[in-house]
Structure formats: structure tokens, C-alpha cells
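> Sharing a structure below in C-alpha cells format, with a few things to ask.
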Amino acid sequence: MTFQITHHNGQARVGILNTAHGLIETPFFMPCATKATGKSITTDDYQDSGVKAVIANALMLSLKPGMNIIQKAGGLHRFMNFKGIIFTDCGGFQMSRSIFEKKEKNGLYFRSPYDNQKIILTPQKIMEIEITLNSDVAMMLDDMSGYGVSKEEARTAMENTHRWGKECLDIHTKLRKRHNSKQLLFGIVQGNFYSDLRIESAKFINNLNFDGIAIGGLAIGEPKEEMYKSLNATLPLITKEKPRYVMGVGSPEDILECISKGIDCFDSVYPTQTARHNTLLTWKGKIDLHQGKYATDFHPLDRQCGCHTCQNYTRAYLHHLAKINEPAGKRLRSIHNVFFLQEIMEKSKDAIKNKIFAKFKKEFLKAFQRL
RNA sequence: GCCCCAGUAGCUUAGCCCGGUGGAGCGGAUGGCUGUUAUUCAAUUACAGAAAAGAUACCAUCAGGUCAUCGGUUCAAAUCCGAUCUGGGGCG
């Protein structure tokens with residue numbers, strides 16, 4: 001059995017996802033390892049911070065170091081020495097980046113940022129890449145339209161996503177057999193911020209035989225109400241038996257909100273990117289390390305935190321590292337934020353098991369707004 | 001005692017010559033970062049390519065100044081004039 005729900009608390013649930021590299025309890029949060037590493041943070045740092053799963057990017061890895069090197073290394077896990085579970089994203093999100101050129105019915109066209117080579121990402125190609133990476137969960141190729149596009153554009157993107165979804169599924173089934181792989185394949189719901197498209201997409205993707213269902217195209221700069229509106233339109237149409245994944249979320253507030261709606265998987269650059277920009281997450285709110293008041297604050301970032309950074313360094317020291325733009329500071333900050341998010345997930349799971357998730361969420365949000 | 005130079009925001013400074021109520025950078029404050037191509041500089045090596053892209057030292061908003069002091073000239077002074085104070089240098 002791929003996924004089993006073990007506890008319920010309202011819509012929120014705890015479950016177990018069974019993958020080629022072991023079991024993982026849901027809900028869980030994956031920090032990014034886009035290019036087979038976090039930015040300014042290592043695989044070890046992730047593991048020491050309690051990270052059980054990361055998400056890497058198939059498109060970026062296929063460009064550098066390239067598939068043959070990862071194949072020679074014995075797969076992505078061995079290459080980056082990660083002992084947990086790896087999701088691979090397909091590259092659909094990179095449509096929002098400047099390397100994206102255009103899309104056709106057959107796939108997405110990119111330019112390599114390394115050498116300007118033309119890259120065509122088709123369902124066939126991306127499935128081959130992801131099987132070769134030997135990640136635990138592959139994401140199908142999707143067409144992600146940006147925030148604010150017209151309904152026609154959103155519909156075209158959704159239709160591409162649906163067509164590619166079916167193709168990915170067929171190709172993946174064959175490849176999985178041929179490679180004797182246990183890799184899972186997740187579908188992605190699109191539909192932009194049009195509720196009727198979301199509903200149509202949710203029905204379509206949900207009816208295909210994916211191992212899990214992701215909701216894509218959210219957390220891309222839209223107001224929160226828009227995001228929740230799309231999410232609310234989508235969720236009732238997605239089977240409760242499969243793991244549900246909201247791509248790109250995010251902030252502690254959004255994650256807790258999504259958990260309460262029954263989401264099981266998350267990924268985001270949020271903890272690491274904000275850490276690099278000197279915003280630290282604590283149980284009492286966000287800290288901007290730039291602020292002069294921390295120059296003489298010889299307490300840990302968060303007294304309740306058990307992370308490597310809080311166990312060993314003071315706010316004053318971290319402020320100093322921030323002021324001199326020392327890369328070591330980025331690492332220490334990233335470690336803390338990543339650990340913090342893992343703690344939120346652990347506490348959320350405990351709260352669901354004890355049937356007090358709503359209370360936990362309310363108390364967290366109250367405290368988190370305090371600073 | 002005499003002569004020269006300097007004094008503009010917490011710091012570094014633009015403006016002064018040719019008067020029209022002060023700009024910037026750093027620093028400070030408050031927000032923001034949500035499926036991460038790309039932090040900066042220098043050097044070396046290898047590879048790719050020959051033309052794009054523009055970020056992680058980012059973005060947005062905001063607050064700091066009786067322009068050393070006192071006086072004069074003028075419709076108007078950071079700006080011109082005089083004196084004083086402070087700091088630096090030189091000569092006795």
C-alpha cells in the first residue's frame with residue numbers, strides 16, 4: 001500500500017507514505033535541493049535538522065551535472081548522499097523564470113542558463129530523466145500559467161497539463177516496469193485562479209491513476225484569499241485516499257492552514273530564502289537579524305529551539321555574521337529556519353494524533369504574530 | 001603670538017568658486033521574499049558555447065540636518081564678508 005492514513009482530526013490527517021527509500025510520515029515539509037544541494041546548506045545540515053525529504057529539480061539536474069554522471073554515481077540519493085526521500089520536480093515551475101522560451105503542444109522550450117542550449121521538455125523526456133535520477137516521487141510535466149493571465153491562457157495551460165499528465169502516466173508505467181523501479185508518480189492540478197477551471201482540472205487529474213495528487217500553480221504571488229479560494233475549489237474533488245501535495249507552500253501560516261484542509265506534503269524555498277535574506281522564524285514571530293537591537297543580544301535566536309544554530313550561537317553573533325555578509329551566517333540561518341519548519345511539522349502531527357490540531361494552530365498563530 | 005587648512009545626518013561625503021531654504025552612499029527603522037538558472041571580486045584549470053538572462057551583498061517604504069557658533073551684506077546665505085569656537089598642520 002502506497003499511502004495509509006493513520007489519524008484524523010477534522011480534515012487534517014496523519015498518514016504514512018511508502019516509497020522506494022522507506023516510509024515517511026505525513027504531513028511533511030521538503031526544503032529545496034534544486035541542484036542536488038540546498039543553497040548555502042549541505043545534505044548533512046538538512047539531515048541533522050530533521051529533514052526527511054527534499055525536492056530536487058529534474059530539469060536543472062539534467063543540465064548540470066547531466067544524467068550520465070548521476071547514473072554513474074548510482075542515482076541522486078547516492079550522488080548527494082541523502083538518506084531520506086527525494087521528490088523531483090519536472091521543470092514546469094521554471095516557466096516563470098527567464099530561461100523559459102515558449103511552449104508548444106508537445107512540451108516546454110527552455111534555454112540552458114549554462115550554455116544557452118535549446119532544451120525541449122516533453123513528457124517522454126522528463127519521465128526518462130526522473131526515472132534515471134531514481135527519485136522516490138516524480139512529478140508529471142505540467143504547464144503552469146502565471147498569476148493574472150487570462151482565462152483563455154489558463155485554459156490552454158490546463159489542457160496541456162491534462163494531455164501531458166496522461167502521456168506521463170503511460171510512459172512512466174512502461175519505464176517503471178522496464179527499470180523495475182518503485183518510483184511513484186504524482187499528478188498536478190492546474191487551472192490558475194479560476195474556480196471552474198480548478199474544478200475541471202481536479203476532476204480530470206483525480207480520475208487518472210496517479211500515486212498522489214499535487215496542486216500546482218499556487219503561491220506564485222497571488223493574494224492569500226485567491227490562493228485559498230483555488231484550494232477550496234480543488235480539494236473536495238480530490239480523493240482522500242491519496243497523498244495530497246500543495247506545491248510551493250510555504251510560510252508557517254500557510255502550511256498550518258493547508259494541513260487543516262487535509263494537505264500532506266509541502267515544499268518551498270521559503271525557509272532557506274528568507275534565511276539568506278536575514279529573516280529568522282521563531283515561535284514568537286519573525287526576526288530581522290539586520291536590526292541593530294540584536295547587536296548586543298547574547299541570547300539564542302529562540303530559547304525553545306533545539307537546532308544547531310540556537311544550541312551554539314547568540315543573536316549578537318548571528319547579527320555580526322549578517323552585517324559582514326559572511327557565508328557561514330547564511331548556513332547557520334538556513335539551518336535554523338529549516339529546523340523550525342520541521343518542528344512545526346512534528347508538532348502538527350502530534351496535535352493531529354491528539355486531536356487538538358485546531359487549538360495548536362490557533363495558539364501557534366497567536367504567538368507567531370507577537371514580535 | 002602669527003599663518004594655513006578643515007568643520008554639512010550616527011559615519012563618509014556632494015553642493016560653496018558663479019547666493020534662489022540641502023543630494024548621495026553606508027548606518028538606522030518598518031515591511032516583503034512561497035514547485036530557487038544566476039551572491040561579489042580575483043586568479044587558475046577544464047568543458048561548453050558564441051548570445052541570451054540579470055541575482056542570494058535583493059526589493060519596497062520611511063525617519064535622521066537651526067549646513068560648527070554669533071553677527072553682517074542681501075528681497076534671498078550651506079554658499080559672500082567679519083569675528084568666535086573646535087580639530088589638524090606650519091612658523092616663532
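Letters A, B, ... go to the chains of the C-alpha cells in the order shown; residues in each chain start at 1; ligands are counted from 1 in the same order.
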Write out as a list of chain:residue names each polymer residue whose atoms come within 12 Å of U61 of chain B, counting only C-alpha atoms (C1' of nucleotides); drop sequence neighbours fewer than 4 positions from it.
B:A29, B:U30, B:G31, B:G32
> Can you check which parts of chain A lie within 8 Å of chain B? Per residue, the shortest pair of atoms and distance in Å to one decimal, counting only C-alpha atoms (C1' of nucleotides), sorted by chain and number, as JSON lines.

```
{"residue": "A:Cys32", "atom": "CA", "partner": "B:U36", "partner_atom": "C1'", "distance": 7.5}
{"residue": "A:Thr34", "atom": "CA", "partner": "B:U36", "partner_atom": "C1'", "distance": 6.9}
{"residue": "A:Met60", "atom": "CA", "partner": "B:U37", "partner_atom": "C1'", "distance": 7.4}
{"residue": "A:Asp89", "atom": "CA", "partner": "B:G35", "partner_atom": "C1'", "distance": 6.6}
{"residue": "A:Phe93", "atom": "CA", "partner": "B:G35", "partner_atom": "C1'", "distance": 5.9}
{"residue": "A:Arg97", "atom": "CA", "partner": "B:U37", "partner_atom": "C1'", "distance": 7.9}
{"residue": "A:Ser98", "atom": "CA", "partner": "B:A53", "partner_atom": "C1'", "distance": 6.2}
{"residue": "A:Ile99", "atom": "CA", "partner": "B:U37", "partner_atom": "C1'", "distance": 6.8}
{"residue": "A:Ser112", "atom": "CA", "partner": "B:U37", "partner_atom": "C1'", "distance": 7.6}
{"residue": "A:Pro113", "atom": "CA", "partner": "B:U37", "partner_atom": "C1'", "distance": 5.2}
{"residue": "A:Tyr114", "atom": "CA", "partner": "B:U37", "partner_atom": "C1'", "distance": 7.7}
{"residue": "A:Asp115", "atom": "CA", "partner": "B:G49", "partner_atom": "C1'", "distance": 5.5}
{"residue": "A:Asn116", "atom": "CA", "partner": "B:A52", "partner_atom": "C1'", "distance": 6.8}
{"residue": "A:Gly216", "atom": "CA", "partner": "B:G35", "partner_atom": "C1'", "distance": 7.3}
{"residue": "A:Ala219", "atom": "CA", "partner": "B:U34", "partner_atom": "C1'", "distance": 5.2}
{"residue": "A:Ile220", "atom": "CA", "partner": "B:U34", "partner_atom": "C1'", "distance": 6.9}
{"residue": "A:Met247", "atom": "CA", "partner": "B:G35", "partner_atom": "C1'", "distance": 4.8}
{"residue": "A:Gly248", "atom": "CA", "partner": "B:G35", "partner_atom": "C1'", "distance": 4.6}
{"residue": "A:Val249", "atom": "CA", "partner": "B:U34", "partner_atom": "C1'", "distance": 5.0}
{"residue": "A:Gly250", "atom": "CA", "partner": "B:U34", "partner_atom": "C1'", "distance": 4.2}
{"residue": "A:Ser251", "atom": "CA", "partner": "B:U34", "partner_atom": "C1'", "distance": 6.3}
{"residue": "A:Asp267", "atom": "CA", "partner": "B:G35", "partner_atom": "C1'", "distance": 6.8}
{"residue": "A:Ser268", "atom": "CA", "partner": "B:U34", "partner_atom": "C1'", "distance": 5.8}
{"residue": "A:Val269", "atom": "CA", "partner": "B:U36", "partner_atom": "C1'", "distance": 6.2}
{"residue": "A:Tyr270", "atom": "CA", "partner": "B:U34", "partner_atom": "C1'", "distance": 5.5}
{"residue": "A:Gln273", "atom": "CA", "partner": "B:C33", "partner_atom": "C1'", "distance": 7.2}
{"residue": "A:Thr274", "atom": "CA", "partner": "B:C33", "partner_atom": "C1'", "distance": 6.3}
{"residue": "A:Arg276", "atom": "CA", "partner": "B:U56", "partner_atom": "C1'", "distance": 6.3}
{"residue": "A:His277", "atom": "CA", "partner": "B:U56", "partner_atom": "C1'", "distance": 7.2}
{"residue": "A:Gly292", "atom": "CA", "partner": "B:G28", "partner_atom": "C1'", "distance": 7.5}
{"residue": "A:Asn325", "atom": "CA", "partner": "B:A57", "partner_atom": "C1'", "distance": 6.6}
```
> Identify, on the basis of only C-alpha atoms (C1' of nucleotides), every residue whose closest approach to G15 of chain B does not exceed 12 Å; exclude the query and any residue fewer than 2 positions from it along the same chain; express the result as number ranges by chain.
B: 8, 13, 17, 22-24, 67, 78-79
> Emit the selected residues as an mmCIF file, in the first residue's frame, including N, CA and C atoms (P, O5', C5', C4', C3', O3' and C1' of nucleotides).

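Final output, saved to selection05.cif:
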```cif
data_model
loop_
_atom_site.group_PDB
_atom_site.id
_atom_site.type_symbol
_atom_site.label_atom_id
_atom_site.label_comp_id
_atom_site.auth_asym_id
_atom_site.auth_seq_id
_atom_site.Cartn_x
_atom_site.Cartn_y
_atom_site.Cartn_z
ATOM 1 P P U B 8 30.994 68.409 9.431
ATOM 2 O "O5'" U B 8 29.870 69.109 8.576
ATOM 3 C "C5'" U B 8 28.804 69.785 9.230
ATOM 4 C "C4'" U B 8 27.610 69.822 8.325
ATOM 5 C "C3'" U B 8 27.013 68.473 7.971
ATOM 6 O "O3'" U B 8 26.178 67.962 9.004
ATOM 7 C "C1'" U B 8 27.236 69.748 6.009
ATOM 8 P P U B 13 35.438 62.353 4.604
ATOM 9 O "O5'" U B 13 34.170 62.827 3.792
ATOM 10 C "C5'" U B 13 34.303 63.466 2.551
ATOM 11 C "C4'" U B 13 33.130 63.141 1.660
ATOM 12 C "C3'" U B 13 32.520 64.334 0.945
ATOM 13 O "O3'" U B 13 33.305 64.707 -0.189
ATOM 14 C "C1'" U B 13 30.791 62.954 1.762
ATOM 15 P P C B 17 29.819 80.391 -4.591
ATOM 16 O "O5'" C B 17 31.217 80.535 -5.319
ATOM 17 C "C5'" C B 17 32.322 81.126 -4.643
ATOM 18 C "C4'" C B 17 33.557 80.947 -5.481
ATOM 19 C "C3'" C B 17 33.445 81.529 -6.892
ATOM 20 O "O3'" C B 17 33.783 82.912 -6.874
ATOM 21 C "C1'" C B 17 34.319 79.327 -6.984
ATOM 22 P P G B 22 16.469 73.314 0.778
ATOM 23 O "O5'" G B 22 17.029 72.449 -0.391
ATOM 24 C "C5'" G B 22 17.186 71.061 -0.226
ATOM 25 C "C4'" G B 22 18.659 70.718 -0.379
ATOM 26 C "C3'" G B 22 18.924 69.270 -0.024
ATOM 27 O "O3'" G B 22 18.753 68.495 -1.207
ATOM 28 C "C1'" G B 22 20.478 70.640 1.067
ATOM 29 P P G B 23 17.263 68.108 -1.710
ATOM 30 O "O5'" G B 23 17.582 66.795 -2.514
ATOM 31 C "C5'" G B 23 18.181 65.726 -1.872
ATOM 32 C "C4'" G B 23 19.326 65.216 -2.695
ATOM 33 C "C3'" G B 23 19.861 63.890 -2.206
ATOM 34 O "O3'" G B 23 19.052 62.818 -2.633
ATOM 35 C "C1'" G B 23 21.660 65.344 -2.549
ATOM 36 P P A B 24 18.883 61.571 -1.702
ATOM 37 O "O5'" A B 24 20.282 60.836 -1.937
ATOM 38 C "C5'" A B 24 20.695 60.533 -3.261
ATOM 39 C "C4'" A B 24 22.130 60.088 -3.269
ATOM 40 C "C3'" A B 24 22.462 58.915 -2.358
ATOM 41 O "O3'" A B 24 22.083 57.687 -2.943
ATOM 42 C "C1'" A B 24 24.103 60.585 -2.112
ATOM 43 P P C B 67 21.737 75.355 9.625
ATOM 44 O "O5'" C B 67 22.611 74.027 9.604
ATOM 45 C "C5'" C B 67 23.920 73.956 10.170
ATOM 46 C "C4'" C B 67 24.851 73.289 9.181
ATOM 47 C "C3'" C B 67 25.978 74.177 8.687
ATOM 48 O "O3'" C B 67 27.214 73.514 8.879
ATOM 49 C "C1'" C B 67 24.793 73.198 6.860
ATOM 50 P P A B 78 21.427 79.067 4.288
ATOM 51 O "O5'" A B 78 22.593 77.989 4.432
ATOM 52 C "C5'" A B 78 23.486 78.031 5.531
ATOM 53 C "C4'" A B 78 24.799 77.378 5.166
ATOM 54 C "C3'" A B 78 25.676 78.198 4.229
ATOM 55 O "O3'" A B 78 26.513 79.055 4.959
ATOM 56 C "C1'" A B 78 25.465 75.985 3.413
ATOM 57 P P U B 79 26.875 80.499 4.346
ATOM 58 O "O5'" U B 79 27.448 80.213 2.888
ATOM 59 C "C5'" U B 79 28.703 79.551 2.695
ATOM 60 C "C4'" U B 79 28.920 79.335 1.224
ATOM 61 C "C3'" U B 79 29.112 80.624 0.433
ATOM 62 O "O3'" U B 79 30.187 80.492 -0.463
ATOM 63 C "C1'" U B 79 27.300 79.359 -0.460
#
```
> Can you list every residue in segment 228-351 of chain A that DSSP puts in alpha helix (DSSP H), as a ChimeraX atom specification?
/A:228-234,252-260,270-276,308-312,315-323,327-351
> What does the distance from atom CA of Val51 of chain A to atom CA of His308 of chain A come to in Å, to one decimal?
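Distance between the two atoms: 13.4 Å.
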> Can you tell me, as a list in words, what residues are no more than 9 Å from segment 351-364 of chain A when counting only C-alpha atoms (C1' of nucleotides), ignoring any on the same chain fewer than 5 positions away?
Thr6, His7, His8, Asn9, Gly10, Ala12, Arg13, Val14, Glu253, Leu256, Glu257, Ser260, Trp283, Lys284, Glu346 and Gln369 of chain A
> Write the residues you've just listed into a file as a CSV table (one decimal), in the first residue's frame, and include N, CA and C atoms for each of them.

```csv
chain,number,residue,atom,x,y,z
A,6,THR,N,-3.4,7.2,9.1
A,6,THR,CA,-3.4,6.6,10.4
A,6,THR,C,-4.2,7.4,11.5
A,7,HIS,N,-4.3,8.7,11.3
A,7,HIS,CA,-5.0,9.5,12.2
A,7,HIS,C,-5.8,10.6,11.5
A,8,HIS,N,-7.0,11.0,12.1
A,8,HIS,CA,-7.8,12.1,11.5
A,8,HIS,C,-8.0,13.1,12.6
A,9,ASN,N,-8.1,14.3,12.3
A,9,ASN,CA,-8.6,15.3,13.2
A,9,ASN,C,-9.2,16.4,12.4
A,10,GLY,N,-10.5,16.4,12.2
A,10,GLY,CA,-11.2,17.3,11.3
A,10,GLY,C,-10.8,16.8,9.9
A,12,ALA,N,-7.8,17.5,8.8
A,12,ALA,CA,-6.4,17.2,8.9
A,12,ALA,C,-6.1,15.8,9.1
A,13,ARG,N,-5.0,15.3,8.6
A,13,ARG,CA,-4.7,13.8,8.8
A,13,ARG,C,-3.2,13.5,8.9
A,14,VAL,N,-2.9,12.4,9.6
A,14,VAL,CA,-1.6,11.9,9.6
A,14,VAL,C,-1.6,10.6,8.8
A,253,GLU,N,2.3,30.0,8.4
A,253,GLU,CA,0.9,30.3,8.4
A,253,GLU,C,0.2,29.5,7.4
A,256,LEU,N,0.2,25.6,8.0
A,256,LEU,CA,-0.8,25.2,9.0
A,256,LEU,C,-2.2,25.2,8.5
A,257,GLU,N,-2.5,26.3,7.7
A,257,GLU,CA,-3.8,26.4,7.1
A,257,GLU,C,-4.1,25.2,6.2
A,260,SER,N,-4.7,21.9,7.9
A,260,SER,CA,-6.1,21.9,8.4
A,260,SER,C,-7.1,21.5,7.4
A,283,TRP,N,9.3,30.9,17.4
A,283,TRP,CA,8.0,30.6,17.9
A,283,TRP,C,7.3,31.9,18.4
A,284,LYS,N,8.0,33.0,18.4
A,284,LYS,CA,7.4,34.3,18.8
A,284,LYS,C,7.3,35.2,17.6
A,346,GLU,N,6.4,18.4,13.0
A,346,GLU,CA,6.4,17.4,14.1
A,346,GLU,C,5.3,17.7,15.1
A,369,GLN,N,2.6,35.9,15.8
A,369,GLN,CA,2.4,37.3,15.5
A,369,GLN,C,2.9,38.2,16.5
```
> Do you know which residues are at most 7 Å from segment 157-169 of chain A counting only C-alpha atoms (C1' of nucleotides), after dropping those on the same chain fewer than 5 positions away, and could you put them as a list in words?
Lys105, Pro123, Gln124, Met127, Met140, Leu141, Asp142, Asp143, Met144, Ser145, Gly187, Gln190, Gly191, Ser201 and Ile205 of chain A
> Name the closest residue to C91 of chain B among the candidates B:A9, B:C47, B:A14, B:C3; distances are taken between atoms, counting only C-alpha atoms (C1' of nucleotides).
B:C3
